[in-house]
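Enquirer: One file: my_file.txt (compact mmCIF, C-alpha atoms).
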```txt
# COMPACT_ATOMS: atom_id res chain seq x y z
CA MET A 1 1.10 20.56 -34.53
CA ASP A 2 -0.32 18.68 -37.52
CA LEU A 3 -4.00 17.91 -38.08
CA GLY A 4 -3.77 14.32 -36.82
CA GLN A 5 -2.21 15.32 -33.50
CA ALA A 6 -4.73 18.12 -33.01
CA LEU A 7 -7.68 15.83 -33.66
CA THR A 8 -6.25 13.20 -31.30
CA LYS A 9 -5.91 15.71 -28.47
CA LEU A 10 -9.40 17.08 -29.08
CA GLY A 11 -10.76 13.53 -29.08
CA ILE A 12 -9.10 12.78 -25.72
CA ALA A 13 -10.45 16.05 -24.32
CA LEU A 14 -13.94 15.13 -25.50
CA ALA A 15 -13.69 11.66 -23.94
CA LEU A 16 -12.47 12.96 -20.58
CA GLY A 17 -15.20 15.57 -20.51
CA LEU A 18 -17.81 12.94 -21.31
CA LEU A 19 -16.62 10.77 -18.41
CA VAL A 20 -16.87 13.59 -15.89
CA GLY A 21 -20.13 14.81 -17.40
CA LEU A 22 -21.65 11.34 -17.18
CA GLN A 23 -20.85 11.20 -13.48
CA ARG A 24 -22.25 14.68 -12.83
CA GLU A 25 -25.40 13.89 -14.82
CA ARG A 26 -26.05 10.85 -12.62
CA SER A 27 -25.53 13.05 -9.55
CA ASP A 28 -28.28 15.41 -10.79
CA SER A 29 -25.97 18.41 -11.08
CA ARG A 30 -27.91 21.55 -12.01
CA ILE A 31 -24.89 23.39 -13.41
CA ALA A 32 -23.10 21.00 -15.76
CA GLY A 33 -23.73 17.50 -17.02
CA VAL A 34 -23.01 15.08 -19.81
CA ARG A 35 -23.07 17.77 -22.53
CA THR A 36 -21.57 20.73 -20.68
CA PHE A 37 -18.41 19.07 -19.35
CA PRO A 38 -17.22 17.86 -22.78
CA LEU A 39 -17.73 21.40 -24.06
CA ILE A 40 -15.72 22.85 -21.16
CA THR A 41 -12.81 20.47 -21.76
CA LEU A 42 -12.93 21.14 -25.50
CA LEU A 43 -12.91 24.88 -24.78
CA GLY A 44 -9.68 24.48 -22.85
CA ALA A 45 -8.10 22.35 -25.58
CA ILE A 46 -9.14 24.69 -28.40
CA SER A 47 -7.91 27.73 -26.47
CA ALA A 48 -4.51 26.08 -26.04
CA LEU A 49 -4.42 25.04 -29.72
CA ALA A 50 -5.17 28.59 -30.83
CA ALA A 51 -2.81 30.26 -28.34
CA PRO A 52 0.34 29.97 -30.54
CA MET A 53 -1.44 31.91 -33.30
CA LEU A 54 -3.50 34.39 -31.26
CA GLY A 55 -1.51 34.66 -28.02
CA GLY A 56 -1.51 33.04 -24.58
CA TRP A 57 -4.07 35.60 -23.36
CA LEU A 58 -6.74 33.50 -25.09
CA VAL A 59 -6.42 30.75 -22.46
CA GLY A 60 -6.89 33.32 -19.68
CA VAL A 61 -9.92 34.82 -21.39
CA GLY A 62 -11.48 31.37 -21.73
CA ALA A 63 -10.92 30.71 -18.03
CA MET A 64 -12.43 34.08 -17.04
CA GLY A 65 -15.46 33.46 -19.26
CA LEU A 66 -15.99 30.03 -17.69
CA ILE A 67 -15.72 31.50 -14.20
CA ALA A 68 -18.27 34.20 -15.07
CA MET A 69 -20.76 31.59 -16.32
CA LEU A 70 -20.24 29.46 -13.20
CA VAL A 71 -20.88 32.48 -10.96
CA ILE A 72 -24.10 33.29 -12.81
CA SER A 73 -25.24 29.67 -12.57
CA ASN A 74 -24.44 29.59 -8.87
CA VAL A 75 -26.47 32.71 -8.19
CA ALA A 76 -29.46 31.09 -9.86
CA LYS A 77 -28.89 27.86 -7.92
CA LEU A 78 -28.76 29.68 -4.57
CA ARG A 79 -32.41 30.67 -5.01
CA VAL A 80 -33.38 27.00 -4.89
CA ASP A 81 -30.69 25.45 -2.68
CA PRO A 82 -29.29 27.48 0.26
CA ASP A 83 -26.29 25.12 0.55
CA PRO A 84 -25.43 24.18 -3.04
CA GLY A 85 -21.76 23.20 -2.65
CA ILE A 86 -19.10 23.99 -5.23
CA THR A 87 -17.88 20.54 -6.30
CA THR A 88 -19.25 20.79 -9.84
CA GLU A 89 -17.86 24.29 -10.28
CA VAL A 90 -14.38 23.30 -9.18
CA ALA A 91 -14.55 20.17 -11.36
CA ALA A 92 -15.45 22.37 -14.34
CA LEU A 93 -12.40 24.60 -13.75
CA VAL A 94 -10.13 21.58 -13.37
CA MET A 95 -11.43 20.02 -16.58
CA TYR A 96 -10.87 23.30 -18.43
CA ALA A 97 -7.27 23.21 -17.19
CA VAL A 98 -7.01 19.54 -18.22
CA GLY A 99 -8.09 20.48 -21.73
CA VAL A 100 -5.40 23.19 -21.86
CA TYR A 101 -2.66 20.98 -20.46
CA LEU A 102 -3.62 18.15 -22.79
CA VAL A 103 -2.40 20.32 -25.65
CA VAL A 104 0.61 22.11 -24.13
CA GLY A 105 1.90 19.37 -21.77
CA GLU A 106 2.04 15.62 -21.39
CA ALA A 107 -1.14 13.96 -22.62
CA ALA A 108 -0.69 11.01 -20.23
CA ALA A 109 -0.60 13.34 -17.22
CA ALA A 110 -3.77 15.08 -18.39
CA VAL A 111 -5.53 11.72 -18.78
CA VAL A 112 -4.47 10.69 -15.27
CA VAL A 113 -5.81 13.94 -13.80
CA GLY A 114 -9.07 13.55 -15.68
CA GLY A 115 -9.44 10.00 -14.43
CA ALA A 116 -8.69 11.14 -10.88
CA VAL A 117 -11.43 13.77 -11.13
CA VAL A 118 -13.94 11.12 -12.22
CA LEU A 119 -12.97 8.85 -9.33
CA LEU A 120 -13.15 11.62 -6.74
CA LEU A 121 -16.59 12.62 -7.94
CA HIS A 122 -17.85 9.04 -8.13
CA LEU A 123 -16.53 8.04 -4.69
CA LYS A 124 -18.32 10.84 -2.87
CA GLN A 125 -20.31 8.58 -0.52
CA PRO A 126 -17.48 6.18 0.44
CA LEU A 127 -15.14 9.10 1.04
CA HIS A 128 -17.64 10.90 3.26
CA VAL A 129 -18.34 7.68 5.17
CA PHE A 130 -14.62 7.13 5.65
CA VAL A 131 -14.01 10.66 6.92
CA ARG A 132 -16.96 10.47 9.32
CA ALA A 133 -15.65 7.14 10.62
CA MET A 134 -12.20 8.59 11.35
CA GLY A 135 -11.38 9.26 14.96
CA GLU A 136 -8.72 11.52 16.41
CA ARG A 137 -6.15 8.70 16.28
CA ASP A 138 -6.87 8.08 12.60
CA VAL A 139 -6.41 11.75 11.70
CA THR A 140 -3.19 11.69 13.71
CA ALA A 141 -2.01 8.67 11.70
CA VAL A 142 -2.57 10.50 8.41
CA MET A 143 -0.86 13.67 9.66
CA GLN A 144 2.10 11.75 11.01
CA PHE A 145 2.49 9.97 7.68
CA ALA A 146 2.45 13.39 5.98
CA LEU A 147 5.16 14.53 8.43
CA ILE A 148 7.26 11.44 7.72
CA THR A 149 6.85 11.68 3.94
CA LEU A 150 6.47 15.34 2.98
CA ILE A 151 8.52 17.15 5.62
CA ILE A 152 11.24 14.88 6.98
CA LEU A 153 12.15 12.94 3.80
CA PRO A 154 12.90 15.96 1.52
CA ILE A 155 15.26 17.65 4.01
CA LEU A 156 17.47 14.62 4.71
CA PRO A 157 20.82 14.60 2.85
CA ASP A 158 21.05 12.08 0.02
CA ARG A 159 24.65 11.02 0.60
CA SER A 160 26.40 8.17 2.42
CA TYR A 161 28.15 8.42 5.76
CA GLY A 162 29.84 6.19 8.29
CA PRO A 163 31.82 2.97 7.97
CA TYR A 164 31.43 1.00 4.74
CA ASN A 165 29.68 4.04 3.25
CA VAL A 166 26.20 2.50 3.64
CA LEU A 167 24.41 4.93 5.98
CA ASN A 168 22.48 7.26 3.67
CA PRO A 169 19.92 9.28 5.74
CA HIS A 170 17.62 9.94 2.77
CA ARG A 171 17.65 6.31 1.67
CA ILE A 172 17.14 5.04 5.24
CA TRP A 173 14.14 7.31 5.72
CA TRP A 174 12.76 6.34 2.31
CA MET A 175 12.70 2.75 3.60
CA VAL A 176 10.77 4.02 6.64
CA VAL A 177 8.27 5.75 4.33
CA LEU A 178 7.85 2.57 2.28
CA ILE A 179 7.16 0.35 5.30
CA VAL A 180 4.89 2.86 7.03
CA GLY A 181 3.02 3.40 3.75
CA ILE A 182 2.35 -0.32 3.32
CA SER A 183 1.23 -0.63 6.93
CA LEU A 184 -0.91 2.50 6.72
CA GLY A 185 -2.64 1.11 3.63
CA GLY A 186 -3.62 -1.98 5.61
CA TYR A 187 -4.67 0.21 8.54
CA VAL A 188 -6.93 2.35 6.32
CA ALA A 189 -8.54 -0.79 4.89
CA TYR A 190 -9.04 -2.04 8.44
CA LYS A 191 -10.75 1.22 9.43
CA LEU A 192 -12.96 1.14 6.33
CA LEU A 193 -14.05 -2.47 6.80
CA GLY A 194 -13.88 -2.82 10.59
CA SER A 195 -15.87 -5.67 12.03
CA ARG A 196 -17.35 -6.44 8.61
CA ALA A 197 -14.08 -7.97 7.52
CA GLY A 198 -14.20 -11.73 7.39
CA ALA A 199 -11.51 -13.94 8.81
CA LEU A 200 -9.82 -14.39 5.41
CA LEU A 201 -9.69 -10.64 4.81
CA GLY A 202 -8.63 -10.21 8.41
CA GLY A 203 -5.58 -12.33 7.71
CA ILE A 204 -4.76 -10.35 4.57
CA LEU A 205 -5.01 -7.02 6.36
CA GLY A 206 -3.12 -8.43 9.31
CA GLY A 207 -0.27 -9.41 7.00
CA LEU A 208 -0.19 -5.90 5.55
CA ILE A 209 -0.12 -4.26 8.98
CA SER A 210 1.98 -6.77 10.96
CA SER A 211 1.86 -10.54 10.67
CA THR A 212 3.62 -10.88 14.04
CA ALA A 213 1.08 -8.68 15.84
CA THR A 214 -1.76 -10.55 14.11
CA THR A 215 -0.32 -13.89 15.25
CA VAL A 216 -0.05 -12.74 18.86
CA SER A 217 -3.55 -11.20 18.85
CA TYR A 218 -5.32 -14.25 17.47
CA ALA A 219 -3.32 -16.69 19.58
CA ARG A 220 -4.43 -14.83 22.70
CA ARG A 221 -8.03 -14.91 21.52
CA THR A 222 -8.00 -18.70 21.54
CA ARG A 223 -7.06 -18.59 25.23
CA GLU A 224 -9.80 -16.11 26.23
CA GLY A 225 -12.64 -18.02 27.84
CA ASN A 226 -11.10 -21.31 26.77
CA ASP A 227 -11.77 -22.96 30.14
CA SER A 228 -15.47 -22.09 30.12
CA ALA A 229 -16.04 -22.71 26.40
CA SER A 230 -17.21 -26.02 25.04
CA ASN A 231 -14.77 -28.29 23.28
CA ASP A 232 -16.46 -27.62 19.91
CA ALA A 233 -16.32 -23.84 20.43
CA SER A 234 -12.66 -24.04 21.43
CA HIS A 235 -11.77 -25.99 18.27
CA ALA A 236 -13.83 -23.62 16.11
CA THR A 237 -11.96 -20.61 17.49
CA ALA A 238 -8.64 -22.39 16.99
CA LYS A 239 -9.48 -23.19 13.35
CA LEU A 240 -10.38 -19.55 12.69
CA ALA A 241 -7.23 -18.25 14.39
CA THR A 242 -5.07 -20.75 12.50
CA MET A 243 -6.43 -19.58 9.18
CA VAL A 244 -5.88 -15.90 9.97
CA ILE A 245 -2.33 -16.51 11.22
CA VAL A 246 -1.32 -18.59 8.19
CA VAL A 247 -2.90 -16.12 5.75
CA ALA A 248 -1.11 -13.20 7.45
CA SER A 249 2.19 -15.08 7.16
CA ALA A 250 1.52 -15.71 3.45
CA VAL A 251 0.80 -12.02 2.87
CA SER A 252 4.12 -11.16 4.52
CA PHE A 253 5.87 -12.93 1.60
CA ALA A 254 3.85 -10.87 -0.88
CA ARG A 255 4.89 -7.80 1.09
CA VAL A 256 8.55 -8.83 0.80
CA LEU A 257 8.19 -9.16 -2.99
CA VAL A 258 6.66 -5.66 -3.19
CA GLU A 259 9.54 -4.23 -1.16
CA ILE A 260 12.13 -5.82 -3.45
CA ALA A 261 10.28 -4.63 -6.55
CA VAL A 262 10.30 -1.05 -5.24
CA VAL A 263 13.91 -1.00 -4.00
CA ALA A 264 15.65 -3.06 -6.71
CA PRO A 265 13.30 -3.31 -9.71
CA HIS A 266 16.04 -4.21 -12.22
CA LEU A 267 16.99 -7.26 -10.11
CA PHE A 268 13.43 -8.33 -9.29
CA ARG A 269 13.28 -11.07 -11.94
CA ALA A 270 16.51 -12.58 -10.61
CA ILE A 271 15.57 -12.42 -6.92
CA ALA A 272 11.82 -13.04 -6.97
CA PRO A 273 11.24 -16.61 -8.32
CA PRO A 274 12.22 -18.64 -5.21
CA LEU A 275 10.44 -16.18 -2.94
CA ALA A 276 7.39 -16.35 -5.21
CA MET A 277 7.53 -20.15 -4.96
CA MET A 278 7.50 -19.85 -1.18
CA LEU A 279 4.51 -17.51 -1.47
CA VAL A 280 2.70 -20.11 -3.60
CA TRP A 281 3.42 -22.78 -0.96
CA MET A 282 2.06 -20.48 1.77
CA VAL A 283 -1.06 -19.84 -0.31
CA VAL A 284 -1.59 -23.61 -0.56
CA LEU A 285 -1.30 -23.94 3.22
CA SER A 286 -3.63 -20.95 3.67
CA ALA A 287 -6.19 -22.60 1.40
CA ALA A 288 -6.02 -25.75 3.51
CA ALA A 289 -6.53 -23.71 6.68
CA HIS A 290 -9.42 -21.88 5.02
CA VAL A 291 -11.16 -25.14 4.09
CA LEU A 292 -10.92 -26.30 7.70
CA ALA A 293 -12.31 -23.01 9.04
CA ARG A 294 -14.92 -22.15 6.41
CA ASP A 295 -17.86 -23.06 8.67
CA ASP A 296 -16.87 -20.48 11.30
CA ARG A 297 -18.26 -16.96 11.05
CA ASP A 298 -16.48 -14.96 13.74
CA GLY A 299 -14.10 -12.90 11.67
CA LYS A 300 -13.61 -9.70 13.63
CA LEU A 301 -10.22 -8.09 13.41
CA PRO A 302 -8.28 -7.39 16.60
CA HIS A 303 -7.66 -3.77 17.47
CA THR A 304 -4.57 -2.34 15.80
CA GLY A 305 -2.50 0.70 16.66
CA ASN A 306 -1.36 3.64 14.57
CA PRO A 307 1.27 2.37 12.08
CA ALA A 308 2.48 5.92 11.29
CA GLU A 309 3.42 6.77 14.87
CA LEU A 310 6.61 8.81 14.79
CA LYS A 311 8.23 6.79 17.58
CA SER A 312 7.67 3.53 15.67
CA ALA A 313 9.04 5.11 12.49
CA LEU A 314 12.18 6.27 14.29
CA LEU A 315 12.67 2.83 15.84
CA PHE A 316 12.34 1.13 12.46
CA GLY A 317 14.77 3.63 10.92
CA LEU A 318 17.27 2.87 13.69
CA LEU A 319 16.76 -0.88 13.28
CA TYR A 320 17.21 -0.63 9.52
CA ALA A 321 20.43 1.40 9.93
CA ILE A 322 21.78 -1.17 12.43
CA VAL A 323 20.90 -4.10 10.16
CA ILE A 324 22.38 -2.58 7.00
CA LEU A 325 25.55 -1.68 8.91
CA ALA A 326 25.75 -5.20 10.38
CA VAL A 327 25.22 -6.74 6.94
CA ALA A 328 28.01 -4.61 5.44
CA PHE A 329 30.35 -5.43 8.34
CA VAL A 330 29.71 -9.19 8.20
CA LYS A 331 30.05 -9.28 4.43
CA ASP A 332 33.36 -7.43 4.62
CA ARG A 333 34.78 -9.67 7.38
CA PHE A 334 33.28 -13.07 6.63
CA GLY A 335 31.97 -12.91 3.05
CA ASP A 336 28.47 -13.73 1.86
CA ARG A 337 28.07 -16.79 4.11
CA GLY A 338 28.41 -14.60 7.18
CA LEU A 339 25.13 -12.88 6.24
CA TYR A 340 23.04 -15.93 7.09
CA PRO A 341 23.44 -15.68 10.90
CA VAL A 342 22.58 -11.97 10.64
CA ALA A 343 19.44 -12.86 8.66
CA ILE A 344 18.37 -15.42 11.29
CA VAL A 345 18.80 -12.98 14.19
CA SER A 346 17.27 -10.00 12.38
CA GLY A 347 14.37 -12.02 11.01
CA LEU A 348 13.29 -13.17 14.47
CA THR A 349 11.57 -9.86 15.13
CA ASP A 350 11.40 -7.99 11.81
CA MET A 351 11.60 -9.11 8.17
CA ASP A 352 11.40 -5.67 6.61
CA ALA A 353 14.77 -4.35 7.77
CA ILE A 354 16.84 -7.29 6.51
CA THR A 355 14.81 -7.45 3.27
CA LEU A 356 15.33 -3.79 2.47
CA SER A 357 18.98 -3.73 3.51
CA THR A 358 19.94 -6.73 1.35
CA ALA A 359 17.86 -5.44 -1.57
CA ASN A 360 19.69 -2.11 -1.36
CA LEU A 361 23.06 -3.86 -1.28
CA ALA A 362 22.03 -5.89 -4.33
CA LYS A 363 20.94 -2.74 -6.13
CA ASP A 364 24.34 -1.17 -5.44
CA GLY A 365 26.12 -4.25 -6.79
CA ARG A 366 27.49 -5.32 -3.41
CA LEU A 367 25.47 -8.53 -3.25
CA ASP A 368 24.51 -11.05 -5.93
CA ALA A 369 20.89 -12.02 -6.55
CA ALA A 370 21.27 -15.63 -5.32
CA THR A 371 22.68 -14.57 -1.95
CA THR A 372 20.03 -11.84 -1.67
CA TRP A 373 17.02 -14.13 -1.98
CA ARG A 374 18.60 -16.74 0.31
CA VAL A 375 19.22 -14.15 3.02
CA VAL A 376 15.65 -12.84 2.70
CA LEU A 377 14.12 -16.33 2.72
CA LEU A 378 16.21 -17.39 5.71
CA ALA A 379 15.07 -14.27 7.59
CA ALA A 380 11.45 -15.06 6.67
CA LEU A 381 11.77 -18.61 7.96
CA SER A 382 13.37 -17.30 11.15
CA ASN A 383 10.45 -14.92 11.56
CA MET A 384 8.05 -17.81 11.03
CA VAL A 385 9.76 -19.78 13.80
CA PHE A 386 9.36 -16.80 16.12
CA LYS A 387 5.66 -16.46 15.25
CA GLY A 388 5.11 -20.18 15.64
CA VAL A 389 6.70 -20.20 19.10
CA ALA A 390 4.59 -17.16 20.07
CA ALA A 391 1.37 -18.81 18.84
CA ILE A 392 2.14 -22.09 20.62
CA SER A 393 3.07 -20.29 23.84
CA LEU A 394 0.09 -17.93 23.90
CA GLY A 395 -2.59 -20.04 22.21
CA SER A 396 -4.90 -22.81 23.31
CA PRO A 397 -3.99 -26.50 23.02
CA ALA A 398 -6.25 -26.77 19.97
CA LEU A 399 -4.31 -23.98 18.25
CA ARG A 400 -0.88 -25.44 19.09
CA ALA A 401 -1.35 -28.64 17.10
CA ARG A 402 -2.66 -26.81 14.02
CA ILE A 403 0.05 -24.14 14.02
CA ALA A 404 2.78 -26.71 14.64
CA THR A 405 1.56 -28.74 11.66
CA LEU A 406 1.07 -25.91 9.16
CA PHE A 407 4.13 -23.89 10.17
CA GLY A 408 6.14 -27.11 10.18
CA LEU A 409 5.07 -27.75 6.59
CA ALA A 410 5.90 -24.14 5.71
CA LEU A 411 9.40 -24.49 7.16
CA VAL A 412 9.95 -27.77 5.29
CA GLY A 413 8.93 -26.06 2.05
CA GLY A 414 11.21 -23.09 2.72
CA LEU A 415 14.21 -25.26 3.59
CA THR A 416 13.60 -27.37 0.49
CA ILE A 417 13.74 -24.24 -1.67
CA LEU A 418 16.91 -23.10 0.11
CA LEU A 419 18.65 -26.41 -0.46
CA LEU A 420 17.39 -27.49 -3.88
CA TRP A 421 16.81 -24.27 -5.82
CA PRO A 422 19.37 -24.16 -8.65
CA GLN A 423 22.20 -21.68 -8.40
```
As structure tokens - that is how I would like this structure written.
Expert:
Amino acid sequence: MDLGQALTKLGIALALGLLVGLQRERSDSRIAGVRTFPLITLLGAISALAAPMLGGWLVGVGAMGLIAMLVISNVAKLRVDPDPGITTEVAALVMYAVGVYLVVGEAAAAVVVGGAVVLLLHLKQPLHVFVRAMGERDVTAVMQFALITLIILPILPDRSYGPYNVLNPHRIWWMVVLIVGISLGGYVAYKLLGSRAGALLGGILGGLISSTATTVSYARRTREGNDSASNDASHATAKLATMVIVVASAVSFARVLVEIAVVAPHLFRAIAPPLAMMLVWMVVLSAAAHVLARDDRDGKLPHTGNPAELKSALLFGLLYAIVILAVAFVKDRFGDRGLYPVAIVSGLTDMDAITLSTANLAKDGRLDAATTWRVVLLAALSNMVFKGVAAISLGSPALRARIATLFGLALVGGLTILLLWPQ
């Protein structure tokens, strides 16, 4: 390693140590602060730099010396604080290892780990608040997601089976992990924010978790106590519910774009533009709904279930397998145009399955980009019709007119894109 590379790595080690040390200094750590942590990280980097000349034992000796100093410091700290904790000590050991790996491994990985250490230390209070706020169902959600992701996914065979050679267990379950992960992210945000979430944020989180469930929940809310409520209160509730429902539907288009970007990144630029245009149109309609509802303050989110429930994951996996098999069958028998009825039927209840199945077919070269985005958009419009009918059926008269107008405009925009977007 030449002098320039060595100095660069030592400079990065110094910077990472300063970041962690700054955070520990502000936390009033009695063991290590803004000067000690840079020295620890530099010690690791220098030990690794010298190891090729003096031997790898030098890195181990440096680690043992650091551990000995931390033990001595902890003994002194115990005299003052009977429950001192070991966060700073562990952070010091990790940063020593970061300094070593910065030299012998990938510098980018070392920087990421160093940044993660800073964030974990800095987010102490929010993390503790979040853990204390978790109930048994929330812990179950996290554990079930770990089961779905870390245990089931790795053991599934990554090969295709069945007719048309499209049923790949590993790929099917990866789609389950993707959808559950997106939903769980919205669920965690919901648990963190709870009743503090405003109506606008409620719509965003609702779109991440389930725009259909959000539509049904808020439509029902407009019916609750509608007979006894005043006309002004009824209209205020309807305006709020309309905004949340339209925002959730807009977020569902952003969710579709994320799914396509993950599954078929090399085709994203060919598939995304018309869907992005539909997202823009939905954002415009959401802004209009927000302007109408901005004087209403009741923005509590409806209760939501566990998105990582194993039964739900299995059902989605089965639905995805059925949809991708149906898509392959229809394409083989009737060509690309036969996919549109499948998109309409599948989209009535779930957009994710048809989106992921067509994106996977496009990635494998079985479907062109133009047909892919049209199938996805048609499924999205079908899903919007389903949500609109649900809102009109379950909601108050004041909600019906607003949803009919805004969803009608959304459908007109979507059909215009379908018909007029250039091939």
Enquirer: Using all atoms listed in the file - which residues lie no farther than 6 Å from the point (-16.2, 14.6, -27.2) in the file's frame? Write them as a list of chain:residue names.
Expert: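 Returned residue set, sorted by chain then number, is A:Gly11, A:Leu14, A:Ala15, A:Pro38.
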Enquirer: Those same residues - C-alpha atoms - I'd like them written as a tab-separated table (two decimals), keeping the file's coordinate frame.
Expert:
```tsv
chain	number	residue	atom	x	y	z
A	11	GLY	CA	-10.76	13.53	-29.08
A	14	LEU	CA	-13.94	15.13	-25.50
A	15	ALA	CA	-13.69	11.66	-23.94
A	38	PRO	CA	-17.22	17.86	-22.78
```
Enquirer: One decimal, in Å: what's the spacing between CA of Val389 in chain A and CA of Leu409 in chain A?
Expert: 14.7 Å
Enquirer: Identify which of the residues A:Thr215, A:Thr237, A:Ser286, A:Thr355 lies closest to Ser396 in chain A, counting all atoms listed in the file when measuring atom-to-atom distances.
Expert: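 Ranking A:Thr215, A:Thr237, A:Ser286, A:Thr355 by distance to Ser396 in chain A, first place goes to A:Thr237.
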Enquirer: Interatomic distance between CA of Ala146 in chain A and CA of Trp174 in chain A?
Expert: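 Between CA of Ala146 in chain A and CA of Trp174 in chain A the gap works out to 13.0 Å.
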Enquirer: Please, what distance in Å, to one decimal, runs between CA of Thr88 in chain A and CA of Met143 in chain A?
Expert: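 Calculated distance between CA of Thr88 in chain A and CA of Met143 in chain A is 27.7 Å.
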Enquirer: Restricting the calculation to all atoms listed in the file, which member of A:Arg223, A:Glu106, A:Val166, A:Val118 is positioned closest to Ala398 in chain A?
Expert: A:Arg223
Enquirer: Of the residues A:Ile179, A:Leu167, A:Ile403, A:Leu43, which is the one nearest to Val262 in chain A, using only C-alpha atoms?
Expert: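 Closest residue, counting only C-alpha atoms: A:Ile179.
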Enquirer: Write out as a PyMOL selection string which residues come within 12 Å of Val330 in chain A when counting all atoms listed in the file, dropping same-chain ones fewer than 5 positions away.
Expert: chain A and resi 164+323-325+335-343
Enquirer: Please define a box with edges along x, y and z of the file around all atoms of range 382-401 of chain A given in the file, extend it by 8 Å on each side, and return its centre and edge lengths in Å to one decimal, as lines of an AutoDock Vina configuration file.
Expert:
```
center_x = 3.6
center_y = -21.8
center_z = 17.5
size_x = 35.6
size_y = 29.7
size_z = 28.9
```
Enquirer: Given the point (10.8, 0.0, 15.8) in the file's coordinates, find the residues that have an atom at most 12 Å from it, counting all atoms listed in the file, and give them as JSON, numbers by chain.
Expert: {"A": [176, 179, 180, 307, 308, 309, 310, 311, 312, 313, 314, 315, 316, 317, 318, 319, 320, 321, 322, 349, 350, 351, 352, 353]}
Enquirer: So that I can check the surroundings of Leu367 in chain A, please list as a ChimeraX atom specification every protein, DNA and RNA residue that reaches within 10 Å of it, counting all atoms listed in the file and ignoring chain neighbours fewer than 4 positions away.
Expert: /A:328,331,336,358-363,371-372
Enquirer: Neighbours of range 56-63 of chain A within 10 Å (all atoms listed in the file; same-chain residues fewer than 5 positions away dropped), as a list in words?
Expert: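 Result of the neighbour search: Ile40, Leu43, Gly44, Ala45, Ile46, Ser47, Ala48, Leu49, Ala50, Ala51, Ala68, Leu93, Tyr96, Ala97 and Val100 of chain A.
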Enquirer: Using all atoms listed in the file, pick whichever of A:Leu240, A:Ala248, A:Leu406, A:Val139 has the shortest atom-to-atom distance to Ile204 in chain A.
Expert: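 Counting all atoms listed in the file, the residue closest to Ile204 in chain A is A:Ala248.
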Enquirer: With all atoms listed in the file as the atoms that count, which of A:Leu121, A:Val111, A:Val251, A:Val177 lies nearest to Leu201 in chain A?
Expert: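 Between A:Leu121, A:Val111, A:Val251, A:Val177, the residue approaching Leu201 in chain A most closely is A:Val251.
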Enquirer: Here is a test: counting only C-alpha atoms, which residue of A:Gly181, A:Pro163, A:Gly114, A:Pro274 is nearest to Val142 in chain A?
Expert: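 Closest residue, counting only C-alpha atoms: A:Gly181.
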Enquirer: For Met243 in chain A, list every protein, DNA or RNA residue within 10 Å, evaluated using only C-alpha atoms, and leave out those in the same chain fewer than 3 positions away; present the list as a ChimeraX atom specification.
Expert: /A:199-200,202-203,218,238-240,246-249,285-294,402-403,406
Enquirer: Using the partial input, fill out range 66-76 of chain A with N, CA and C atoms; write the result as a PDB file, keeping the file's coordinate frame.
Expert:
```
ATOM      1  N   LEU A  66     -15.419  31.192 -18.378  1.00  0.00           N
ATOM      2  CA  LEU A  66     -15.990  30.030 -17.690  1.00  0.00           C
ATOM      3  C   LEU A  66     -16.338  30.383 -16.250  1.00  0.00           C
ATOM      4  N   ILE A  67     -15.445  31.104 -15.583  1.00  0.00           N
ATOM      5  CA  ILE A  67     -15.720  31.500 -14.200  1.00  0.00           C
ATOM      6  C   ILE A  67     -16.961  32.384 -14.126  1.00  0.00           C
ATOM      7  N   ALA A  68     -17.099  33.317 -15.071  1.00  0.00           N
ATOM      8  CA  ALA A  68     -18.270  34.200 -15.070  1.00  0.00           C
ATOM      9  C   ALA A  68     -19.562  33.397 -15.231  1.00  0.00           C
ATOM     10  N   MET A  69     -19.559  32.419 -16.120  1.00  0.00           N
ATOM     11  CA  MET A  69     -20.760  31.590 -16.320  1.00  0.00           C
ATOM     12  C   MET A  69     -21.074  30.764 -15.076  1.00  0.00           C
ATOM     13  N   LEU A  70     -20.018  30.247 -14.422  1.00  0.00           N
ATOM     14  CA  LEU A  70     -20.240  29.460 -13.200  1.00  0.00           C
ATOM     15  C   LEU A  70     -20.814  30.329 -12.087  1.00  0.00           C
ATOM     16  N   VAL A  71     -20.355  31.563 -11.984  1.00  0.00           N
ATOM     17  CA  VAL A  71     -20.880  32.480 -10.960  1.00  0.00           C
ATOM     18  C   VAL A  71     -22.357  32.757 -11.212  1.00  0.00           C
ATOM     19  N   ILE A  72     -22.694  33.011 -12.469  1.00  0.00           N
ATOM     20  CA  ILE A  72     -24.100  33.290 -12.810  1.00  0.00           C
ATOM     21  C   ILE A  72     -24.969  32.070 -12.499  1.00  0.00           C
ATOM     22  N   SER A  73     -24.480  30.889 -12.843  1.00  0.00           N
ATOM     23  CA  SER A  73     -25.240  29.670 -12.570  1.00  0.00           C
ATOM     24  C   SER A  73     -25.399  29.448 -11.069  1.00  0.00           C
ATOM     25  N   ASN A  74     -24.369  29.777 -10.314  1.00  0.00           N
ATOM     26  CA  ASN A  74     -24.440  29.590  -8.870  1.00  0.00           C
ATOM     27  C   ASN A  74     -25.437  30.539  -8.232  1.00  0.00           C
ATOM     28  N   VAL A  75     -25.496  31.755  -8.723  1.00  0.00           N
ATOM     29  CA  VAL A  75     -26.470  32.710  -8.190  1.00  0.00           C
ATOM     30  C   VAL A  75     -27.884  32.192  -8.401  1.00  0.00           C
ATOM     31  N   ALA A  76     -28.132  31.640  -9.595  1.00  0.00           N
ATOM     32  CA  ALA A  76     -29.460  31.090  -9.860  1.00  0.00           C
ATOM     33  C   ALA A  76     -29.732  29.866  -8.984  1.00  0.00           C
TER      34      ALA A  76
END
```
